[in-house]
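Peer 1: Input structure: entry-v3.cif, which contains mmCIF, C-alpha atoms.
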```cif
data_entry
#
loop_
_atom_site.label_atom_id
_atom_site.label_comp_id
_atom_site.auth_asym_id
_atom_site.auth_seq_id
_atom_site.Cartn_x
_atom_site.Cartn_y
_atom_site.Cartn_z
CA MET A 586 0.00 0.00 0.00
CA ALA A 587 2.84 2.38 0.81
CA LEU A 588 4.28 1.76 -2.62
CA ARG A 589 1.03 2.61 -4.40
CA GLU A 590 0.57 5.79 -2.34
CA TRP A 591 4.10 6.85 -3.23
CA ALA A 592 3.29 6.24 -6.90
CA ARG A 593 0.15 8.38 -6.72
CA ALA A 594 2.10 11.17 -5.02
CA PHE A 595 4.75 11.07 -7.68
CA ARG A 596 2.26 11.06 -10.56
CA ALA A 597 0.75 14.22 -9.09
CA LYS A 598 4.14 15.91 -9.36
CA ARG A 599 5.44 14.44 -12.59
CA ALA A 600 4.95 17.77 -14.38
CA SER A 601 7.96 19.10 -12.47
CA VAL A 602 10.14 16.15 -13.33
CA THR A 603 12.57 17.00 -16.09
CA PHE A 604 13.31 13.48 -17.29
CA SER A 605 11.50 10.26 -18.16
CA ALA A 606 11.45 7.73 -15.31
CA LEU A 607 9.69 4.70 -13.94
CA LEU A 608 6.83 4.99 -11.46
CA TRP A 609 6.11 2.64 -8.59
CA THR A 610 3.76 0.73 -10.87
CA THR A 611 4.85 -0.92 -14.09
CA THR A 612 3.71 2.09 -16.18
CA TRP A 613 6.33 4.14 -17.98
CA ILE A 614 5.95 7.91 -18.09
CA GLY A 615 8.05 9.43 -20.83
CA PRO A 616 8.31 12.85 -22.44
CA ALA A 617 6.46 13.71 -25.59
CA SER A 618 9.73 13.65 -27.54
CA ALA A 619 10.50 10.05 -26.57
CA GLU A 620 10.61 7.67 -29.53
CA PRO A 621 11.59 4.06 -30.25
CA LEU A 622 15.20 3.51 -31.18
CA ASP A 623 15.51 3.34 -34.96
CA ARG A 624 18.98 4.15 -36.19
CA SER A 625 17.90 5.04 -39.69
CA ASP A 626 15.41 7.56 -38.34
CA LEU A 627 17.95 8.93 -35.88
CA ARG A 628 20.54 9.51 -38.57
CA ALA A 629 17.94 11.34 -40.66
CA LEU A 630 16.94 13.77 -37.93
CA PRO A 631 18.05 17.35 -38.52
CA ALA A 632 20.27 19.26 -36.14
CA PRO A 633 17.45 21.14 -34.30
CA PHE A 634 16.23 17.80 -32.94
CA SER A 635 19.64 16.79 -31.56
CA THR A 636 18.36 17.00 -27.99
CA ALA A 637 15.47 14.57 -28.57
CA LYS A 638 15.15 11.65 -26.17
CA VAL A 639 15.54 8.09 -27.39
CA GLN A 640 13.46 5.61 -25.43
CA VAL A 641 14.28 1.90 -25.72
CA THR A 642 12.83 -1.28 -24.33
CA TRP A 643 14.70 -4.50 -23.73
CA GLN A 644 13.18 -5.92 -26.91
CA ASP A 645 14.72 -3.02 -28.84
CA ILE A 646 18.11 -3.88 -27.38
CA LEU A 647 17.66 -7.54 -28.31
CA ARG A 648 17.03 -6.56 -31.91
CA LEU A 649 20.13 -4.37 -31.96
CA ALA A 650 22.36 -6.89 -30.18
CA ASP A 651 23.14 -8.86 -33.33
CA GLN A 652 24.95 -5.78 -34.67
CA ASP A 653 27.34 -5.81 -31.71
CA PRO A 654 30.92 -6.14 -33.08
CA ARG A 655 31.68 -8.89 -30.57
CA LEU A 656 28.83 -11.02 -31.85
CA VAL A 657 29.80 -10.29 -35.44
CA ALA A 658 33.33 -11.52 -34.65
CA GLY A 659 31.86 -14.66 -33.05
CA ARG A 660 29.88 -15.48 -36.20
CA GLN A 661 33.01 -14.97 -38.27
CA GLU A 662 34.85 -17.48 -36.09
CA VAL A 663 32.16 -20.01 -36.94
CA ASP A 664 32.71 -19.28 -40.64
CA VAL A 665 36.44 -19.87 -40.13
CA ALA A 666 35.74 -23.28 -38.57
CA ARG A 667 33.38 -24.22 -41.39
CA GLY A 668 36.05 -23.32 -43.94
CA ALA A 669 38.54 -25.53 -42.12
CA ALA A 670 35.98 -28.37 -42.17
CA ARG A 671 35.59 -28.06 -45.94
CA ALA A 672 39.37 -28.07 -46.32
CA ALA A 673 39.67 -31.24 -44.18
CA ARG A 674 37.23 -33.11 -46.42
CA ALA A 675 38.94 -32.07 -49.64
CA MET A 676 40.88 -34.61 -51.76
CA GLN A 677 44.61 -34.11 -52.20
CA ASN A 678 45.55 -32.84 -55.65
CA PRO A 679 47.61 -34.95 -58.05
CA MET A 680 51.06 -33.78 -59.12
CA LEU A 681 52.14 -33.45 -62.78
CA GLU A 682 55.84 -33.44 -63.68
CA ALA A 683 57.21 -32.44 -67.07
CA SER A 684 60.74 -32.53 -68.44
CA LEU A 685 62.24 -31.23 -71.70
CA GLY A 686 65.78 -31.50 -73.04
CA ARG A 687 68.11 -32.01 -76.05
CA ALA A 688 69.96 -35.28 -76.59
CA ARG A 689 72.79 -36.26 -79.05
CA ALA A 690 73.82 -39.80 -79.98
CA ARG A 691 77.52 -40.65 -79.38
CA SER A 692 77.91 -42.89 -82.40
CA SER A 693 76.01 -41.14 -85.17
CA GLY A 694 75.99 -37.62 -83.84
CA ALA A 695 72.26 -37.34 -84.42
CA SER A 696 70.34 -35.16 -82.03
CA ARG A 697 66.72 -34.57 -81.18
CA THR A 698 64.49 -33.17 -78.44
CA GLU A 699 63.55 -35.43 -75.53
CA TRP A 700 60.59 -34.91 -73.23
CA GLY A 701 58.72 -36.69 -70.49
CA LEU A 702 55.50 -36.45 -68.50
CA ALA A 703 54.64 -38.06 -65.15
CA LEU A 704 51.38 -37.92 -63.19
CA THR A 705 51.44 -38.88 -59.49
CA VAL A 706 48.23 -39.43 -57.52
CA PRO A 707 48.84 -39.54 -53.74
CA LEU A 708 46.59 -41.88 -51.76
CA GLY A 709 48.02 -41.48 -48.27
CA TRP A 710 45.39 -38.95 -47.28
CA ILE A 711 42.62 -41.54 -47.54
CA ALA A 712 43.63 -43.20 -44.26
CA THR A 713 43.42 -39.98 -42.20
CA ARG A 714 40.73 -38.09 -44.11
CA GLU A 715 37.81 -39.36 -42.02
CA ALA A 716 39.56 -38.56 -38.73
CA LYS A 717 40.54 -35.06 -39.86
CA ALA A 718 37.01 -34.38 -41.14
CA GLY A 719 35.56 -35.54 -37.80
CA ALA A 720 37.91 -33.28 -35.86
CA ALA A 721 37.04 -30.31 -38.08
CA ALA A 722 33.30 -30.96 -37.73
CA ALA A 723 33.68 -31.05 -33.94
CA ASN A 724 35.56 -27.76 -34.11
CA VAL A 725 32.61 -26.26 -36.00
CA ASP A 726 30.30 -27.37 -33.19
CA ALA A 727 32.70 -25.87 -30.65
CA ALA A 728 32.87 -22.56 -32.51
CA ALA A 729 29.07 -22.40 -32.79
CA ALA A 730 28.75 -23.10 -29.06
CA ASP A 731 31.35 -20.43 -28.31
CA ALA A 732 29.31 -17.97 -30.38
CA ARG A 733 26.18 -18.81 -28.37
CA ALA A 734 28.11 -18.44 -25.12
CA LEU A 735 29.45 -15.09 -26.29
CA ARG A 736 25.92 -13.98 -27.13
CA ARG A 737 24.81 -14.85 -23.60
CA GLU A 738 27.69 -12.85 -22.15
CA VAL A 739 27.00 -9.82 -24.33
CA LEU A 740 23.26 -9.89 -23.58
CA LEU A 741 23.98 -10.23 -19.86
CA GLU A 742 26.29 -7.21 -19.99
CA LEU A 743 23.65 -5.19 -21.83
CA GLN A 744 20.99 -6.39 -19.39
CA ILE A 745 23.02 -5.23 -16.42
CA LEU A 746 23.55 -1.83 -18.04
CA PHE A 747 19.82 -1.71 -18.83
CA TRP A 748 18.73 -2.34 -15.24
CA ARG A 749 21.33 0.00 -13.80
CA LEU A 750 20.09 2.78 -16.04
CA ALA A 751 16.51 2.00 -14.98
CA TYR A 752 17.65 2.22 -11.36
CA GLU A 753 19.29 5.62 -11.89
CA GLN A 754 16.16 6.90 -13.61
CA ALA A 755 13.94 5.79 -10.75
CA ARG A 756 16.35 7.16 -8.16
CA LEU A 757 16.43 10.51 -9.91
CA ALA A 758 12.64 10.57 -10.00
CA MET A 759 12.53 9.83 -6.28
CA LEU A 760 14.99 12.64 -5.49
CA GLU A 761 13.06 15.06 -7.70
CA GLU A 762 9.92 14.26 -5.74
CA LEU A 763 11.76 14.56 -2.43
CA ARG A 764 13.25 17.90 -3.39
CA ALA A 765 9.81 19.27 -4.30
CA GLN A 766 8.41 18.04 -0.98
CA THR A 767 11.36 19.45 0.95
CA PHE A 768 10.91 22.81 -0.79
CA GLU A 769 7.25 22.88 0.22
CA TRP A 770 8.20 21.89 3.75
CA ALA A 771 10.78 24.71 3.86
CA GLN A 772 8.10 27.19 2.88
CA THR A 773 5.84 25.85 5.61
CA VAL A 774 8.60 26.25 8.21
CA GLN A 775 9.32 29.76 6.97
CA ARG A 776 5.67 30.73 7.38
CA ARG A 777 5.71 29.35 10.92
CA VAL A 778 8.82 31.39 11.68
CA GLN A 779 7.19 34.55 10.30
CA ALA A 780 4.10 33.86 12.40
CA GLY A 781 6.21 33.41 15.53
CA ASP A 782 5.31 29.71 15.92
CA ALA A 783 8.89 28.52 15.31
CA ARG A 784 12.38 29.77 16.02
CA PRO A 785 14.37 31.39 13.16
CA VAL A 786 17.04 28.71 13.41
CA GLU A 787 14.51 26.16 12.18
CA SER A 788 14.27 27.98 8.86
CA THR A 789 18.04 27.71 8.51
CA ARG A 790 18.00 24.01 9.34
CA VAL A 791 15.36 23.17 6.76
CA GLU A 792 17.25 25.22 4.16
CA ILE A 793 20.35 23.15 4.93
CA GLU A 794 18.30 19.99 4.42
CA LEU A 795 17.03 21.36 1.12
CA ALA A 796 20.62 22.05 0.04
CA LYS A 797 21.60 18.47 0.95
CA VAL A 798 18.77 17.05 -1.15
CA SER A 799 19.71 19.34 -4.03
CA GLY A 800 23.30 18.09 -3.82
CA GLU A 801 22.16 14.47 -3.91
CA LEU A 802 19.96 15.34 -6.88
CA SER A 803 22.92 16.82 -8.76
CA ALA A 804 24.97 13.70 -8.06
CA ALA A 805 22.07 11.57 -9.30
CA HIS A 806 21.99 13.57 -12.55
CA THR A 807 25.70 12.88 -13.03
CA ALA A 808 25.28 9.16 -12.34
CA LEU A 809 22.35 8.97 -14.74
CA GLY A 810 24.34 10.68 -17.48
CA ALA A 811 27.18 8.18 -17.03
CA ARG A 812 24.79 5.21 -17.27
CA GLN A 813 23.16 6.69 -20.36
CA ALA A 814 26.52 7.20 -22.03
CA GLU A 815 27.68 3.68 -21.12
CA LEU A 816 24.65 1.92 -22.58
CA GLY A 817 24.43 4.34 -25.48
CA LEU A 818 28.00 3.47 -26.43
CA TRP A 819 27.05 -0.15 -27.17
CA LEU A 820 23.74 0.83 -28.79
CA ARG A 821 25.53 3.46 -30.91
CA VAL A 822 23.11 6.20 -29.99
CA PRO A 823 24.04 9.34 -31.97
CA LYS A 824 25.67 12.18 -30.12
CA GLY A 825 23.26 14.74 -28.79
CA LYS A 826 20.59 12.12 -28.06
CA THR A 827 19.47 11.36 -24.52
CA LEU A 828 18.88 7.68 -23.85
CA ALA A 829 16.04 6.47 -21.62
CA VAL A 830 14.90 2.93 -20.94
CA ASN A 831 11.36 1.64 -20.58
CA ALA A 832 11.80 -1.04 -17.92
CA GLN A 833 9.45 -2.73 -15.49
CA LEU A 834 11.80 -2.22 -12.58
CA PHE A 835 9.11 -2.78 -9.97
CA THR A 836 7.99 -6.14 -11.38
CA LEU A 837 10.11 -8.77 -9.68
CA PRO A 838 11.27 -11.76 -11.76
CA ARG A 839 10.40 -15.38 -11.00
CA PRO A 840 13.56 -17.52 -11.04
CA LEU A 841 13.85 -21.29 -11.40
CA GLY A 842 14.46 -23.46 -8.38
CA ARG A 843 17.96 -24.69 -7.65
CA GLU A 844 17.53 -28.22 -8.96
CA SER A 845 15.75 -27.11 -12.12
CA ALA A 846 18.36 -24.42 -12.77
CA VAL A 847 21.27 -26.85 -12.35
CA ALA A 848 19.66 -29.46 -14.60
CA ARG A 849 18.86 -26.91 -17.29
CA ALA A 850 22.36 -25.41 -17.20
CA ARG A 851 23.98 -28.85 -17.53
CA ALA A 852 21.76 -29.67 -20.49
CA THR A 853 21.92 -26.42 -22.45
CA HIS A 854 24.90 -24.30 -21.43
CA PRO A 855 26.99 -23.62 -24.55
CA GLY A 856 30.22 -23.68 -22.53
CA LEU A 857 29.73 -27.37 -21.77
CA VAL A 858 28.69 -28.03 -25.37
CA ALA A 859 31.90 -26.37 -26.59
CA ALA A 860 34.04 -28.33 -24.10
CA ASN A 861 32.51 -31.64 -25.16
CA ALA A 862 32.93 -30.72 -28.83
CA ARG A 863 36.62 -29.98 -28.30
CA THR A 864 37.01 -33.33 -26.55
CA ARG A 865 35.46 -35.03 -29.60
CA SER A 866 37.80 -33.09 -31.85
CA LEU A 867 40.85 -34.24 -29.90
CA SER A 868 39.54 -37.80 -29.92
CA ALA A 869 39.29 -37.65 -33.71
CA GLU A 870 42.80 -36.21 -33.90
CA LEU A 871 44.06 -39.12 -31.79
CA GLU A 872 42.47 -41.53 -34.22
CA GLY A 873 44.14 -39.66 -37.08
CA GLU A 874 47.54 -39.98 -35.41
CA ARG A 875 47.01 -43.71 -35.00
CA ARG A 876 46.02 -44.11 -38.66
CA ALA A 877 49.09 -42.14 -39.67
CA ARG A 878 51.09 -45.36 -39.03
CA ILE A 879 49.36 -47.03 -41.97
CA PRO A 880 51.70 -47.17 -45.01
CA THR A 881 50.83 -44.49 -47.55
CA PHE A 882 50.56 -45.23 -51.27
CA SER A 883 50.79 -43.23 -54.44
CA LEU A 884 50.07 -44.12 -58.07
CA LYS A 885 52.20 -42.85 -60.92
CA ALA A 886 51.74 -42.83 -64.69
CA PHE A 887 54.49 -41.65 -67.02
CA THR A 888 55.52 -41.34 -70.64
CA THR A 889 58.89 -40.29 -72.12
CA GLN A 890 60.21 -39.57 -75.62
CA GLU A 891 63.93 -40.27 -75.80
CA LEU A 892 66.50 -40.22 -78.57
CA ASP A 893 66.08 -43.80 -79.60
CA ARG A 894 62.95 -44.98 -77.82
CA ARG A 895 59.47 -44.12 -76.56
CA ALA A 896 58.49 -45.35 -73.08
CA TYR A 897 55.35 -45.26 -70.99
CA GLY A 898 53.98 -47.09 -67.95
CA VAL A 899 52.63 -46.91 -64.41
CA GLY A 900 54.20 -47.12 -60.98
CA LEU A 901 53.29 -47.62 -57.33
CA GLY A 902 54.94 -45.79 -54.43
CA VAL A 903 54.82 -46.94 -50.81
CA GLU A 904 56.04 -45.05 -47.73
CA LEU A 905 57.21 -47.65 -45.24
CA PRO A 906 56.82 -46.76 -41.50
CA VAL A 907 60.18 -48.23 -40.54
CA PHE A 908 62.05 -45.51 -38.68
CA ASN A 909 59.02 -43.50 -37.47
CA LEU A 910 55.92 -45.21 -36.10
CA ASN A 911 54.43 -41.85 -35.00
CA ALA A 912 54.71 -42.83 -31.34
CA GLY A 913 55.38 -39.22 -30.33
CA GLY A 914 52.35 -37.87 -32.17
CA ILE A 915 50.09 -40.52 -30.67
CA ALA A 916 51.35 -39.87 -27.13
CA GLN A 917 50.82 -36.12 -27.55
CA ALA A 918 47.30 -36.61 -28.91
CA GLU A 919 46.41 -38.96 -26.05
CA ALA A 920 47.61 -36.44 -23.48
CA LYS A 921 45.61 -33.62 -25.09
CA TRP A 922 42.48 -35.76 -25.18
CA ALA A 923 42.84 -36.77 -21.52
CA ALA A 924 43.44 -33.15 -20.48
CA SER A 925 40.39 -32.01 -22.44
CA ARG A 926 38.19 -34.60 -20.73
CA GLY A 927 39.41 -33.44 -17.32
CA LYS A 928 38.77 -29.81 -18.18
CA ALA A 929 35.25 -30.60 -19.40
CA GLU A 930 34.43 -32.39 -16.14
CA ALA A 931 35.86 -29.50 -14.10
CA GLN A 932 33.94 -26.99 -16.19
CA ALA A 933 30.70 -28.86 -15.53
CA ALA A 934 31.36 -28.74 -11.76
CA GLU A 935 32.24 -25.03 -11.93
CA LEU A 936 29.08 -24.31 -13.87
CA GLU A 937 26.96 -26.07 -11.27
CA ALA A 938 28.67 -24.08 -8.50
CA HIS A 939 28.04 -20.82 -10.36
CA VAL A 940 24.38 -21.72 -10.85
CA ILE A 941 23.99 -22.48 -7.13
CA GLN A 942 25.60 -19.16 -6.21
CA ALA A 943 23.55 -17.21 -8.76
CA GLU A 944 20.29 -18.84 -7.65
CA ALA A 945 21.03 -18.02 -4.02
CA ALA A 946 21.92 -14.41 -4.85
CA CYS A 947 18.79 -14.01 -6.97
CA ARG A 948 16.48 -15.47 -4.33
CA SER A 949 18.14 -13.50 -1.53
CA SER A 950 17.79 -10.19 -3.38
CA LEU A 951 14.14 -10.96 -4.14
CA MET A 952 13.46 -11.64 -0.46
CA THR A 953 15.20 -8.41 0.53
CA ALA A 954 13.18 -6.32 -1.93
CA THR A 955 9.93 -7.96 -0.84
CA GLN A 956 10.66 -7.42 2.84
CA ILE A 957 11.56 -3.75 2.37
CA GLU A 958 8.39 -3.15 0.37
CA ALA A 959 6.14 -4.95 2.85
CA ASP A 960 7.67 -3.81 6.14
CA VAL A 961 10.29 -1.07 5.97
CA LEU A 962 8.64 1.33 3.50
CA PRO A 963 5.21 1.51 5.22
CA ARG A 964 6.75 2.09 8.63
CA SER A 965 9.15 4.75 7.35
CA LYS A 966 6.35 6.61 5.61
CA SER A 967 4.11 6.36 8.64
CA ALA A 968 6.86 7.66 10.93
CA ALA A 969 7.59 10.61 8.63
CA SER A 970 3.89 11.49 8.37
CA VAL A 971 3.39 11.30 12.13
CA MET A 972 6.43 13.49 12.81
CA GLU A 973 5.30 16.13 10.32
CA LYS A 974 1.85 16.33 11.90
CA ALA A 975 3.34 16.39 15.39
CA TYR A 976 5.65 19.25 14.41
CA LEU A 977 2.75 21.30 13.08
CA LEU A 978 0.97 20.71 16.39
CA GLY A 979 4.08 21.64 18.37
CA ASP A 980 4.64 18.13 19.75
CA ALA A 981 7.89 17.38 17.83
CA THR A 982 11.04 19.27 16.91
CA LEU A 983 12.22 20.04 13.42
CA LEU A 984 15.24 17.78 13.89
CA GLU A 985 12.91 14.86 14.55
CA VAL A 986 11.02 15.65 11.36
CA ILE A 987 14.24 15.85 9.34
CA GLU A 988 15.47 12.58 10.81
CA ALA A 989 12.17 10.86 9.96
CA ARG A 990 12.26 12.15 6.39
CA ARG A 991 15.89 11.02 6.07
CA THR A 992 14.86 7.56 7.24
CA LEU A 993 12.13 7.51 4.60
CA LEU A 994 14.65 8.53 1.92
CA GLU A 995 17.04 5.79 3.00
CA SER A 996 14.22 3.23 2.93
CA ARG A 997 13.21 4.21 -0.58
CA SER A 998 16.84 4.15 -1.68
CA LEU A 999 17.29 0.71 -0.15
CA PHE A 1000 14.19 -0.51 -1.97
CA LEU A 1001 15.40 0.80 -5.32
CA ASP A 1002 18.80 -0.74 -4.75
CA ALA A 1003 17.22 -4.07 -3.80
CA LEU A 1004 15.04 -4.02 -6.92
CA ALA A 1005 17.99 -3.30 -9.21
CA ARG A 1006 20.11 -5.95 -7.48
CA ALA A 1007 17.31 -8.51 -7.83
CA HIS A 1008 17.03 -7.90 -11.57
CA VAL A 1009 20.80 -8.03 -12.04
CA GLU A 1010 21.31 -11.21 -9.99
CA CYS A 1011 18.37 -12.96 -11.60
CA SER A 1012 19.70 -11.91 -15.00
CA ARG A 1013 22.99 -13.61 -14.13
CA LEU A 1014 21.08 -16.76 -13.25
CA GLY A 1015 19.09 -16.53 -16.48
CA ALA A 1016 22.29 -16.25 -18.51
CA LEU A 1017 23.62 -19.44 -16.90
CA VAL A 1018 20.49 -21.52 -17.44
CA GLY A 1019 19.61 -20.09 -20.86
CA ALA A 1020 16.36 -18.36 -19.84
CA ASP A 1021 14.86 -15.96 -22.35
CA PRO A 1022 16.25 -12.50 -21.51
#
```
Produce structure tokens that represent the structure in this file.
Peer 2:
Amino acid sequence: MALREWARAFRAKRASVTFSALLWTTTWIGPASAEPLDRSDLRALPAPFSTAKVQVTWQDILRLADQDPRLVAGRQEVDVARGAARAARAMQNPMLEASLGRARARSSGASRTEWGLALTVPLGWIATREAKAGAAAANVDAAAADARALRREVLLELQILFWRLAYEQARLAMLEELRAQTFEWAQTVQRRVQAGDARPVESTRVEIELAKVSGELSAAHTALGARQAELGLWLRVPKGKTLAVNAQLFTLPRPLGRESAVARARATHPGLVAANARTRSLSAELEGERRARIPTFSLKAFTTQELDRRAYGVGLGVELPVFNLNAGGIAQAEAKWAASRGKAEAQAAELEAHVIQAEAACRSSLMTATQIEADVLPRSKSAASVMEKAYLLGDATLLEVIEARRTLLESRSLFLDALARAHVECSRLGALVGADP
């Protein structure tokens, strides 16, 4: 109830608010100049509209995320792996040899031109082609999984920036409302001083409190500008535009339970998929090293035109594994494969630990926000209201009123901080389990 009353009080004063911010309900109040983020439209705007506000939702950011240079680089890495896979499946080219010369007979002195052609078709690649193609295909799967993991990381980073900007907007709105109320309270105290119902020092004290709130408001403006610039950098918002987010900050998320989150992360996390794919790749490479001990063959066809004869025929070449049985290559491949398996198992355990920590942080922050909303905020507002009425009746001092209003400000600040932390921590959990952002 305290939250809804605060929202109604703020809506009554939103005309004095100089920026677009979230209310205590899930409704967004934005300026008339706010508009969805469309880069083509933004680039076409003339200079007089350079101060227009750009309002974005999370869905807008999702649509723009694919243009992030980090994600573009990730997709290019997948293309690199696919090219390597095509190269691994390719057949080895034959080799053509040609010779040309002049020969002279010793007995008769006759001379003529001699030439020869030889075509060699290597066959040694056949034994290792399947293993190399399997390793390359596994590398493609690993690169695709890395790209998905990178996308999760980028979206999580943007999500955190999104919620932090929403927090700064709401905090600025709260301080704007508080400053307006403090100004009205200062005028009330001044009228009481002029009427002789209060000491002159009380007017000075309330002016000091007003100056403190104004200072906090200035700091909040600076913090908001920094958050806007940080998120706008990744969204490539044109210079001169003011970024605002349309976020349901006061709608708490509903996270998965611990067991469900762990099971989902183990089944879908791209980091584990990439680790398993690299293990398969190294297993295929080990098989290729073992097949490298198989003798390699090559076929050869030739024809020659000599001084006194014409020759042609075929030949067969065999590379005998006598001095090198590839024992070193096999041992190295076995060690890499074993190390990769160990890393994959460790990565699975680390992922489960991270999910447990993220789930606990998410649930804890949700409980904190809920408790502040249900218990701390109503009591703080009630105490401030009682103290204000008691002061007007002469039953409380101005210092008691200021202290009560400070407590209310701290409670609202704690609530905003708890809301932002809940969204951030639950976003971390969602990134681990693959929940839709």
Peer 1: To one decimal place, how far is atom CA of Ala758 of chain A from atom CA of Ile793 of chain A in Å?
Peer 2: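 These two atoms are separated by 21.0 Å.
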Peer 1: So how many Å separate atom CA of Ala946 of chain A and atom CA of Arg851 of chain A, to one decimal?
Peer 2: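 Here the two named atoms are 19.3 Å from each other.
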Peer 1: I'd like the residues picked by the PyMOL selection byres ((chain A and resi 829) around 7) written out as a PyMOL selection string, using the chain letters and numbers from the file.
Peer 2: chain A and resi 605+638-641+827-828+830-831
Peer 1: Deliver the residues from the most recent selection as a file, using C-alpha atoms, as a PDB file, in the frame of the given file.
Peer 2:
```
ATOM      1  CA  SER A 605      11.500  10.260 -18.160  1.00  0.00           C
ATOM      2  CA  LYS A 638      15.150  11.650 -26.170  1.00  0.00           C
ATOM      3  CA  VAL A 639      15.540   8.090 -27.390  1.00  0.00           C
ATOM      4  CA  GLN A 640      13.460   5.610 -25.430  1.00  0.00           C
ATOM      5  CA  VAL A 641      14.280   1.900 -25.720  1.00  0.00           C
ATOM      6  CA  THR A 827      19.470  11.360 -24.520  1.00  0.00           C
ATOM      7  CA  LEU A 828      18.880   7.680 -23.850  1.00  0.00           C
ATOM      8  CA  VAL A 830      14.900   2.930 -20.940  1.00  0.00           C
ATOM      9  CA  ASN A 831      11.360   1.640 -20.580  1.00  0.00           C
TER      10      ASN A 831
END
```
Peer 1: Let me know the residues the PyMOL selection byres ((chain A and resi 958) around 10) catches in the file above, as a list in words.
Peer 2: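 Against this file, the PyMOL selection byres ((chain A and resi 958) around 10) returns the residues Met586, Ala587, Leu588, Met952, Thr953, Ala954, Thr955, Gln956, Ile957, Ala959, Asp960, Val961, Leu962, Pro963, Arg964, Ser996, Arg997, Leu999, Phe1000, Leu1001, Ala1003 and Leu1004 of chain A.
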Peer 1: In Å to one decimal, how far is atom CA of Thr881 of chain A from atom CA of Leu708 of chain A?
Peer 2: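 Interatomic distance here is 6.5 Å.
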Peer 1: Given the PyMOL selection byres ((chain A and resi 806-814) around 7) and the file above, list the residues it selects as a PyMOL selection string.
Peer 2: chain A and resi 750+753-754+757+802-805+815-818+828
Peer 1: Determine the nearest neighbour of Asp653 of chain A from the options A:Glu762, A:Glu973, A:Glu738, A:Glu919, counting all atoms listed in the file.
Peer 2: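 Among A:Glu762, A:Glu973, A:Glu738, A:Glu919, it is A:Glu738 that comes nearest to Asp653 of chain A.
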Peer 1: Around the point (34.6, -37.7, -40.2), in the coordinates given by the file, pick out the residues reaching within 12 Å, counting all atoms listed in the file, and return them as a ChimeraX atom specification.
Peer 2: /A:670-671,673-675,711-724,865-866,868-870,872-873
Peer 1: Could you work out an axis-aligned bounding box for all listed atoms of segment 746-762 of chain A, with 6 Å added on each of the six sides, and give its centre and edge lengths in Å to one decimal, as AutoDock Vina command-line options?
Peer 2:
```
--center_x 16.7 --center_y 6.4 --center_z -12.2 --size_x 25.6 --size_y 29.4 --size_z 25.3
```
Peer 1: Counting only C-alpha atoms, which of A:His939, A:Arg926, A:Arg894, A:Arg1006 gets nearest to Arg697 of chain A?
Peer 2: A:Arg894
Peer 1: Within 10 Å of segment 662-664 of chain A, counting all atoms listed in the file, which residues qualify if same-chain residues fewer than 5 places away don't, as a list of chain:residue names?
Peer 2: A:Leu656, A:Val657, A:Ala669, A:Ala670, A:Asn724, A:Val725, A:Asp726, A:Ala727, A:Ala728, A:Ala729, A:Ala730, A:Asp731, A:Ala732
Peer 1: Tell me which of A:Thr698, A:Ser950, A:Ser998, A:Ser788 sits closest to Pro840 of chain A, counting all atoms listed in the file.
Peer 2: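 Once distances to Pro840 of chain A are computed over all atoms listed in the file, the minimum belongs to A:Ser950.
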Peer 1: May I ask which of the residues A:Ala783, A:Val791, A:Ile915, A:Ala846 is the closest one to Leu978 of chain A, counting all atoms listed in the file?
Peer 2: A:Ala783
Peer 1: Calculated over all atoms listed in the file, which of the candidates A:Val706, A:Ala920, A:Leu820, A:Leu685 has the smallest distance to Ile646 of chain A?
Peer 2: A:Leu820
Peer 1: Restricting the calculation to only C-alpha atoms: of A:Ala943, A:Val739, A:Ala975, A:Leu867, which residue gets closest to Ala924 of chain A?
Peer 2: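 Once distances to Ala924 of chain A are computed over only C-alpha atoms, the minimum belongs to A:Leu867.
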Peer 1: Could you give me, as a list in words, the residues within 10 Å of Ile745 of chain A, counting only C-alpha atoms and dropping anything in the same chain fewer than 6 positions from it?
Peer 2: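 My reading of the contact set: Val739, Ala751, Leu816, Ala1005, Arg1006, His1008, Val1009, Glu1010, Ser1012 and Arg1013 of chain A.
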Peer 1: Can you pull out every residue within 12 Å of Gly686 of chain A, counting all atoms listed in the file, but drop anything in the same chain fewer than 3 positions away, and send it as a list in words?
Peer 2: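 Counting only the stated atoms, we get Ala683, Arg689, Ser696, Arg697, Thr698, Glu699, Trp700, Gly701, Thr889, Gln890, Glu891 and Leu892 of chain A.
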Peer 1: Regenerate segment 712-716 of chain A at the level of N, CA and C atoms and dump it as an mmCIF file, in the frame of the given file.
Peer 2:
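This went into part.cif:
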```cif
data_model
loop_
_atom_site.group_PDB
_atom_site.id
_atom_site.type_symbol
_atom_site.label_atom_id
_atom_site.label_comp_id
_atom_site.auth_asym_id
_atom_site.auth_seq_id
_atom_site.Cartn_x
_atom_site.Cartn_y
_atom_site.Cartn_z
ATOM 1 N N ALA A 712 43.641 -42.563 -45.579
ATOM 2 C CA ALA A 712 43.630 -43.200 -44.260
ATOM 3 C C ALA A 712 43.258 -42.218 -43.153
ATOM 4 N N THR A 713 43.649 -40.966 -43.272
ATOM 5 C CA THR A 713 43.420 -39.980 -42.200
ATOM 6 C C THR A 713 42.317 -38.987 -42.519
ATOM 7 N N ARG A 714 41.729 -39.091 -43.709
ATOM 8 C CA ARG A 714 40.730 -38.090 -44.110
ATOM 9 C C ARG A 714 39.514 -38.106 -43.192
ATOM 10 N N GLU A 715 39.002 -39.274 -42.860
ATOM 11 C CA GLU A 715 37.810 -39.360 -42.020
ATOM 12 C C GLU A 715 38.073 -38.779 -40.633
ATOM 13 N N ALA A 716 39.240 -39.076 -40.066
ATOM 14 C CA ALA A 716 39.560 -38.560 -38.730
ATOM 15 C C ALA A 716 39.708 -37.044 -38.761
#
```
